[in-house]
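Raw contents of work_3.pdb, PDB, C-alpha atoms, pLDDT in the B column:
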MODEL        1
ATOM      1  CA  MET A   1      60.089  12.307  -9.055  1.00 37.00           C
ATOM      2  CA  ARG A   2      57.556  10.301  -7.072  1.00 36.00           C
ATOM      3  CA  GLU A   3      56.146  11.530  -3.774  1.00 42.00           C
ATOM      4  CA  VAL A   4      55.624   9.332  -0.710  1.00 40.00           C
ATOM      5  CA  SER A   5      51.889   9.443  -1.416  1.00 41.00           C
ATOM      6  CA  ASP A   6      52.597   7.786  -4.799  1.00 43.00           C
ATOM      7  CA  LEU A   7      54.402   4.862  -3.205  1.00 40.00           C
ATOM      8  CA  PRO A   8      52.531   1.642  -2.482  1.00 41.00           C
ATOM      9  CA  ILE A   9      51.016   1.739   0.999  1.00 40.00           C
ATOM     10  CA  SER A  10      49.115  -1.118   2.545  1.00 40.00           C
ATOM     11  CA  ASP A  11      48.327  -2.798   5.852  1.00 44.00           C
ATOM     12  CA  SER A  12      48.611  -6.194   4.198  1.00 44.00           C
ATOM     13  CA  VAL A  13      51.707  -8.292   3.564  1.00 51.00           C
ATOM     14  CA  PRO A  14      54.931  -6.232   3.582  1.00 57.00           C
ATOM     15  CA  MET A  15      56.963  -6.003   0.402  1.00 58.00           C
ATOM     16  CA  PRO A  16      60.192  -7.990   0.161  1.00 61.00           C
ATOM     17  CA  ASP A  17      63.346  -5.846   0.418  1.00 62.00           C
ATOM     18  CA  HIS A  18      64.156  -6.198  -3.285  1.00 64.00           C
ATOM     19  CA  ALA A  19      60.730  -4.797  -4.240  1.00 79.00           C
ATOM     20  CA  ILE A  20      61.133  -1.576  -2.253  1.00 90.00           C
ATOM     21  CA  ASP A  21      62.175   1.508  -4.190  1.00 95.00           C
ATOM     22  CA  TYR A  22      64.415   2.992  -1.505  1.00 97.00           C
ATOM     23  CA  ALA A  23      65.723   5.721  -3.814  1.00 96.00           C
ATOM     24  CA  ALA A  24      62.173   7.009  -4.405  1.00 97.00           C
ATOM     25  CA  ILE A  25      61.527   6.990  -0.655  1.00 97.00           C
ATOM     26  CA  VAL A  26      64.713   9.007  -0.044  1.00 98.00           C
ATOM     27  CA  GLU A  27      63.879  11.586  -2.717  1.00 98.00           C
ATOM     28  CA  SER A  28      60.336  11.940  -1.452  1.00 97.00           C
ATOM     29  CA  PHE A  29      61.384  12.627   2.137  1.00 98.00           C
ATOM     30  CA  LYS A  30      64.181  14.978   1.061  1.00 98.00           C
ATOM     31  CA  THR A  31      61.623  17.006  -0.892  1.00 97.00           C
ATOM     32  CA  ARG A  32      58.884  16.822   1.743  1.00 97.00           C
ATOM     33  CA  PHE A  33      61.147  18.117   4.534  1.00 97.00           C
ATOM     34  CA  ASP A  34      63.532  20.230   2.426  1.00 97.00           C
ATOM     35  CA  LEU A  35      66.506  18.129   3.538  1.00 98.00           C
ATOM     36  CA  ARG A  36      70.097  18.033   2.416  1.00 98.00           C
ATOM     37  CA  VAL A  37      72.264  14.995   2.977  1.00 97.00           C
ATOM     38  CA  LYS A  38      75.718  16.037   4.147  1.00 97.00           C
ATOM     39  CA  LYS A  39      77.052  12.511   3.870  1.00 97.00           C
ATOM     40  CA  TRP A  40      75.777   8.983   3.349  1.00 97.00           C
ATOM     41  CA  ARG A  41      77.377   7.081   6.204  1.00 97.00           C
ATOM     42  CA  ARG A  42      78.807   3.601   5.883  1.00 97.00           C
ATOM     43  CA  SER A  43      77.958   2.861   9.514  1.00 96.00           C
ATOM     44  CA  MET A  44      74.484   2.355  10.944  1.00 96.00           C
ATOM     45  CA  SER A  45      74.449   5.734  12.655  1.00 96.00           C
ATOM     46  CA  GLY A  46      73.023   9.120  11.874  1.00 97.00           C
ATOM     47  CA  CYS A  47      72.747  12.760  12.802  1.00 97.00           C
ATOM     48  CA  ALA A  48      70.271  15.572  12.140  1.00 97.00           C
ATOM     49  CA  TRP A  49      70.708  19.309  12.567  1.00 97.00           C
ATOM     50  CA  ARG A  50      69.475  22.662  11.306  1.00 97.00           C
ATOM     51  CA  VAL A  51      71.615  25.665  10.367  1.00 97.00           C
ATOM     52  CA  TYR A  52      70.293  29.227  10.627  1.00 96.00           C
ATOM     53  CA  TYR A  53      72.027  31.907   8.550  1.00 97.00           C
ATOM     54  CA  HIS A  54      72.125  35.666   9.177  1.00 98.00           C
ATOM     55  CA  ASP A  55      70.291  36.324   5.905  1.00 97.00           C
ATOM     56  CA  GLY A  56      67.314  34.280   7.147  1.00 96.00           C
ATOM     57  CA  ARG A  57      68.053  31.055   5.291  1.00 96.00           C
ATOM     58  CA  VAL A  58      67.518  27.799   7.146  1.00 96.00           C
ATOM     59  CA  VAL A  59      69.083  24.544   5.965  1.00 97.00           C
ATOM     60  CA  ASN A  60      68.000  21.122   7.245  1.00 97.00           C
ATOM     61  CA  TRP A  61      70.810  18.566   7.260  1.00 98.00           C
ATOM     62  CA  ILE A  62      71.059  14.864   7.931  1.00 98.00           C
ATOM     63  CA  GLU A  63      73.651  12.125   7.788  1.00 98.00           C
ATOM     64  CA  SER A  64      72.623   8.473   7.730  1.00 98.00           C
ATOM     65  CA  PRO A  65      73.234   5.279   5.804  1.00 98.00           C
ATOM     66  CA  PHE A  66      71.550   5.230   2.394  1.00 98.00           C
ATOM     67  CA  PRO A  67      68.480   3.008   2.870  1.00 97.00           C
ATOM     68  CA  LYS A  68      68.921  -0.460   1.385  1.00 96.00           C
ATOM     69  CA  THR A  69      67.364  -2.579   4.139  1.00 96.00           C
ATOM     70  CA  PRO A  70      64.727  -2.087   6.839  1.00 97.00           C
ATOM     71  CA  ILE A  71      67.382  -1.165   9.443  1.00 97.00           C
ATOM     72  CA  SER A  72      69.083   1.456   7.261  1.00 98.00           C
ATOM     73  CA  LEU A  73      65.647   2.816   6.305  1.00 98.00           C
ATOM     74  CA  ALA A  74      64.736   3.061  10.002  1.00 98.00           C
ATOM     75  CA  ILE A  75      67.897   5.041  10.739  1.00 98.00           C
ATOM     76  CA  PHE A  76      67.300   7.334   7.747  1.00 98.00           C
ATOM     77  CA  LEU A  77      63.680   7.923   8.792  1.00 98.00           C
ATOM     78  CA  HIS A  78      64.741   8.476  12.398  1.00 98.00           C
ATOM     79  CA  GLU A  79      66.996  11.337  11.288  1.00 98.00           C
ATOM     80  CA  VAL A  80      64.257  12.743   9.052  1.00 98.00           C
ATOM     81  CA  GLY A  81      61.939  12.459  12.062  1.00 98.00           C
ATOM     82  CA  HIS A  82      63.974  15.007  13.999  1.00 98.00           C
ATOM     83  CA  HIS A  83      62.999  17.543  11.329  1.00 98.00           C
ATOM     84  CA  ALA A  84      59.418  16.256  11.062  1.00 97.00           C
ATOM     85  CA  ILE A  85      58.791  16.459  14.824  1.00 97.00           C
ATOM     86  CA  GLY A  86      60.921  19.549  15.451  1.00 94.00           C
ATOM     87  CA  PHE A  87      64.031  19.971  17.548  1.00 93.00           C
ATOM     88  CA  GLN A  88      62.378  22.146  20.196  1.00 90.00           C
ATOM     89  CA  THR A  89      59.089  20.229  20.518  1.00 96.00           C
ATOM     90  CA  TYR A  90      60.165  18.202  23.571  1.00 95.00           C
ATOM     91  CA  LYS A  91      62.043  19.550  26.568  1.00 92.00           C
ATOM     92  CA  ARG A  92      63.994  16.363  27.215  1.00 94.00           C
ATOM     93  CA  ARG A  93      66.276  14.830  24.591  1.00 95.00           C
ATOM     94  CA  CYS A  94      65.292  11.266  25.594  1.00 96.00           C
ATOM     95  CA  GLU A  95      61.635  12.180  25.066  1.00 97.00           C
ATOM     96  CA  GLU A  96      62.430  13.604  21.622  1.00 97.00           C
ATOM     97  CA  GLU A  97      64.256  10.384  20.734  1.00 97.00           C
ATOM     98  CA  TYR A  98      61.228   8.318  21.799  1.00 98.00           C
ATOM     99  CA  HIS A  99      58.812  10.314  19.656  1.00 98.00           C
ATOM    100  CA  VAL A 100      61.179  10.436  16.684  1.00 98.00           C
ATOM    101  CA  TRP A 101      61.548   6.636  16.801  1.00 98.00           C
ATOM    102  CA  GLY A 102      57.764   6.310  16.943  1.00 97.00           C
ATOM    103  CA  TRP A 103      57.424   8.590  13.927  1.00 98.00           C
ATOM    104  CA  ALA A 104      60.053   6.609  11.980  1.00 98.00           C
ATOM    105  CA  LEU A 105      58.438   3.237  12.754  1.00 98.00           C
ATOM    106  CA  ASN A 106      55.000   4.552  11.774  1.00 98.00           C
ATOM    107  CA  GLU A 107      56.406   5.892   8.497  1.00 98.00           C
ATOM    108  CA  MET A 108      57.953   2.480   7.779  1.00 97.00           C
ATOM    109  CA  ARG A 109      54.583   0.805   8.290  1.00 96.00           C
ATOM    110  CA  ARG A 110      52.903   3.458   6.142  1.00 96.00           C
ATOM    111  CA  LEU A 111      55.396   2.646   3.388  1.00 96.00           C
ATOM    112  CA  ASN A 112      54.565  -1.046   3.815  1.00 95.00           C
ATOM    113  CA  VAL A 113      58.030  -1.873   5.172  1.00 96.00           C
ATOM    114  CA  SER A 114      57.799  -3.976   8.309  1.00 94.00           C
ATOM    115  CA  PRO A 115      60.072  -2.993  11.196  1.00 96.00           C
ATOM    116  CA  ASP A 116      61.881  -6.311  11.641  1.00 96.00           C
ATOM    117  CA  ASP A 117      63.669  -7.712  14.710  1.00 96.00           C
ATOM    118  CA  ARG A 118      66.836  -5.710  13.972  1.00 97.00           C
ATOM    119  CA  VAL A 119      64.840  -2.480  13.783  1.00 98.00           C
ATOM    120  CA  ARG A 120      62.931  -3.209  17.001  1.00 97.00           C
ATOM    121  CA  ARG A 121      66.173  -4.111  18.789  1.00 97.00           C
ATOM    122  CA  ARG A 122      67.842  -0.917  17.546  1.00 97.00           C
ATOM    123  CA  PHE A 123      64.899   1.139  18.848  1.00 98.00           C
ATOM    124  CA  GLU A 124      65.112  -0.551  22.249  1.00 97.00           C
ATOM    125  CA  LEU A 125      68.897  -0.166  22.563  1.00 96.00           C
ATOM    126  CA  SER A 126      68.764   3.443  21.406  1.00 97.00           C
ATOM    127  CA  MET A 127      66.090   4.260  23.966  1.00 98.00           C
ATOM    128  CA  ARG A 128      67.921   2.445  26.783  1.00 97.00           C
ATOM    129  CA  TYR A 129      70.999   4.514  25.959  1.00 96.00           C
ATOM    130  CA  ALA A 130      69.047   7.822  25.801  1.00 97.00           C
ATOM    131  CA  VAL A 131      67.189   7.173  29.064  1.00 97.00           C
ATOM    132  CA  GLY A 132      70.349   5.968  30.816  1.00 95.00           C
ATOM    133  CA  LYS A 133      72.231   9.072  29.708  1.00 96.00           C
ATOM    134  CA  ALA A 134      69.413  11.333  30.929  1.00 96.00           C
ATOM    135  CA  MET A 135      69.364   9.574  34.301  1.00 95.00           C
ATOM    136  CA  ARG A 136      73.165   9.811  34.664  1.00 94.00           C
ATOM    137  CA  ARG A 137      72.882  13.536  33.978  1.00 95.00           C
ATOM    138  CA  GLY A 138      70.392  13.897  36.811  1.00 95.00           C
ATOM    139  CA  LEU A 139      66.941  13.750  35.196  1.00 94.00           C
ATOM    140  CA  LYS A 140      64.407  13.640  38.042  1.00 91.00           C
ATOM    141  CA  ASP A 141      61.058  13.381  36.239  1.00 93.00           C
ATOM    142  CA  LEU A 142      61.227  10.712  33.547  1.00 94.00           C
ATOM    143  CA  PRO A 143      58.037  10.677  31.436  1.00 94.00           C
ATOM    144  CA  ALA A 144      55.970   7.538  32.126  1.00 94.00           C
ATOM    145  CA  PRO A 145      56.296   5.979  28.624  1.00 95.00           C
ATOM    146  CA  LEU A 146      60.080   6.021  29.011  1.00 96.00           C
ATOM    147  CA  THR A 147      60.220   4.053  32.281  1.00 95.00           C
ATOM    148  CA  GLN A 148      60.153   0.813  30.280  1.00 95.00           C
ATOM    149  CA  PHE A 149      63.707   1.643  29.142  1.00 96.00           C
ATOM    150  CA  LEU A 150      65.175   1.980  32.646  1.00 93.00           C
ATOM    151  CA  PRO A 151      67.771  -0.628  33.599  1.00 81.00           C
ATOM    152  CA  GLN A 152      66.173  -3.696  35.144  1.00 75.00           C
ATOM    153  CA  ALA A 153      66.886  -4.255  38.846  1.00 49.00           C
ATOM    154  CA  ALA A 154      68.946  -7.391  39.455  1.00 45.00           C
TER     155      ALA A 154
ENDMDL
END

Now that the file is in, can you turn its structure into structure tokens?
Amino acid sequence: MREVSDLPISDSVPMPDHAIDYAAIVESFKTRFDLRVKKWRRSMSGCAWRVYYHDGRVVNWIESPFPKTPISLAIFLHEVGHHAIGFQTYKRRCEEEYHVWGWALNEMRRLNVSPDDRVRRRFELSMRYAVGKAMRRGLKDLPAPLTQFLPQAA
């Protein structure tokens, strides 16, 4: 099994989709973060959670689409990012989402997979949703980097 460090990484021209070994990327991240995949989703959505057992075991779970394109890779890495960053690292959920997206996009670049327009749009829409939800629930002190995702005044 290859590790992420064994995969081609470059700041030069991104690899075409057909040249990317998505299966090796998946296996590497599953090993690196001790992840289990509950289900490979058919939709472009995902979920990440951790289960603590009375005997001390901890199991890291994700659901996401199996990566086959930059957008499905971004969603997979976003869910992995919740485990990489940590669920309790940020007080606000919208702030966690922002940092997890940043981690996922950086990992894509590190793997020489360019975040394309679909990926950038997904990030923006996801953050607009997260910030909007936080504001509707009464968040008073939105962190400065997240203000760019507030609804635009008409």

List as CSV every residue of range 29-115 of chain A that is in contact with range 123-144 of chain A, defined as an atom at most 7 Å from one of its atoms (using all atoms listed in the file), together with the nearest atom pair and the distance in Å rounded to one decimal, sorted by chain and then rising number.
residue,atom,partner,partner_atom,distance
A:Cys94,CA,A:Ala130,CA,5.1
A:Tyr98,CA,A:Met127,CA,6.7
A:Trp101,CA,A:Phe123,CA,6.8

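Going from CA of Gln152 in chain A over to CA of Gly81 in chain A, you cover 28.5 Å.
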
Practice problem: Check what the PyMOL selection byres ((chain A and resi 36) around 12) selects in the file above and give those residues as a ChimeraX atom specification. | Solution: /A:26-27,29-35,37-40,47-51,58-64,79-80,83

Residue IDs satisfying the PyMOL selection byres ((chain A and resi 77) around 10), as a PDB file with C-alpha atoms, in the frame of the given file:
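expr28.pdb was written with the following content:
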ATOM      1  CA  ILE A  25      61.527   6.990  -0.655  1.00 97.00           C
ATOM      2  CA  VAL A  26      64.713   9.007  -0.044  1.00 98.00           C
ATOM      3  CA  PHE A  29      61.384  12.627   2.137  1.00 98.00           C
ATOM      4  CA  GLY A  46      73.023   9.120  11.874  1.00 97.00           C
ATOM      5  CA  SER A  64      72.623   8.473   7.730  1.00 98.00           C
ATOM      6  CA  PRO A  67      68.480   3.008   2.870  1.00 97.00           C
ATOM      7  CA  ILE A  71      67.382  -1.165   9.443  1.00 97.00           C
ATOM      8  CA  SER A  72      69.083   1.456   7.261  1.00 98.00           C
ATOM      9  CA  LEU A  73      65.647   2.816   6.305  1.00 98.00           C
ATOM     10  CA  ALA A  74      64.736   3.061  10.002  1.00 98.00           C
ATOM     11  CA  ILE A  75      67.897   5.041  10.739  1.00 98.00           C
ATOM     12  CA  PHE A  76      67.300   7.334   7.747  1.00 98.00           C
ATOM     13  CA  HIS A  78      64.741   8.476  12.398  1.00 98.00           C
ATOM     14  CA  GLU A  79      66.996  11.337  11.288  1.00 98.00           C
ATOM     15  CA  VAL A  80      64.257  12.743   9.052  1.00 98.00           C
ATOM     16  CA  GLY A  81      61.939  12.459  12.062  1.00 98.00           C
ATOM     17  CA  HIS A  82      63.974  15.007  13.999  1.00 98.00           C
ATOM     18  CA  HIS A  83      62.999  17.543  11.329  1.00 98.00           C
ATOM     19  CA  ALA A  84      59.418  16.256  11.062  1.00 97.00           C
ATOM     20  CA  VAL A 100      61.179  10.436  16.684  1.00 98.00           C
ATOM     21  CA  TRP A 101      61.548   6.636  16.801  1.00 98.00           C
ATOM     22  CA  TRP A 103      57.424   8.590  13.927  1.00 98.00           C
ATOM     23  CA  ALA A 104      60.053   6.609  11.980  1.00 98.00           C
ATOM     24  CA  LEU A 105      58.438   3.237  12.754  1.00 98.00           C
ATOM     25  CA  ASN A 106      55.000   4.552  11.774  1.00 98.00           C
ATOM     26  CA  GLU A 107      56.406   5.892   8.497  1.00 98.00           C
ATOM     27  CA  MET A 108      57.953   2.480   7.779  1.00 97.00           C
TER      28      MET A 108
END

Self-check item: Ground truth for the PyMOL selection byres ((chain A and resi 42) around 6), written as a VMD selection string
Solution: chain A and resid 41 43 65

Exercise. Figure out the distance between CA of Glu95 in chain A and CA of Leu150 in chain A, please, to one decimal in Å.
Key: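 Separation of CA of Leu150 in chain A and CA of Glu95 in chain A: 13.2 Å.
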
Exercise. Would you work out the distance separating CA of Thr89 in chain A from CA of Asp117 in chain A, expressed in Å to one decimal?
Key: 28.9 Å

Quiz item: Looking at all atoms listed in the file, which of A:Gln88, A:Arg57, A:Arg122, A:Asp21 is the one that sits closest to Ser45 in chain A?
Solution: A:Arg122

Quiz item: Nearest to Met44 in chain A: which of A:Ala19, A:Lys68, A:Gly56, A:Ala24 is it, counting only C-alpha atoms?
Solution: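 For Met44 in chain A, the nearest of the candidates is A:Lys68.
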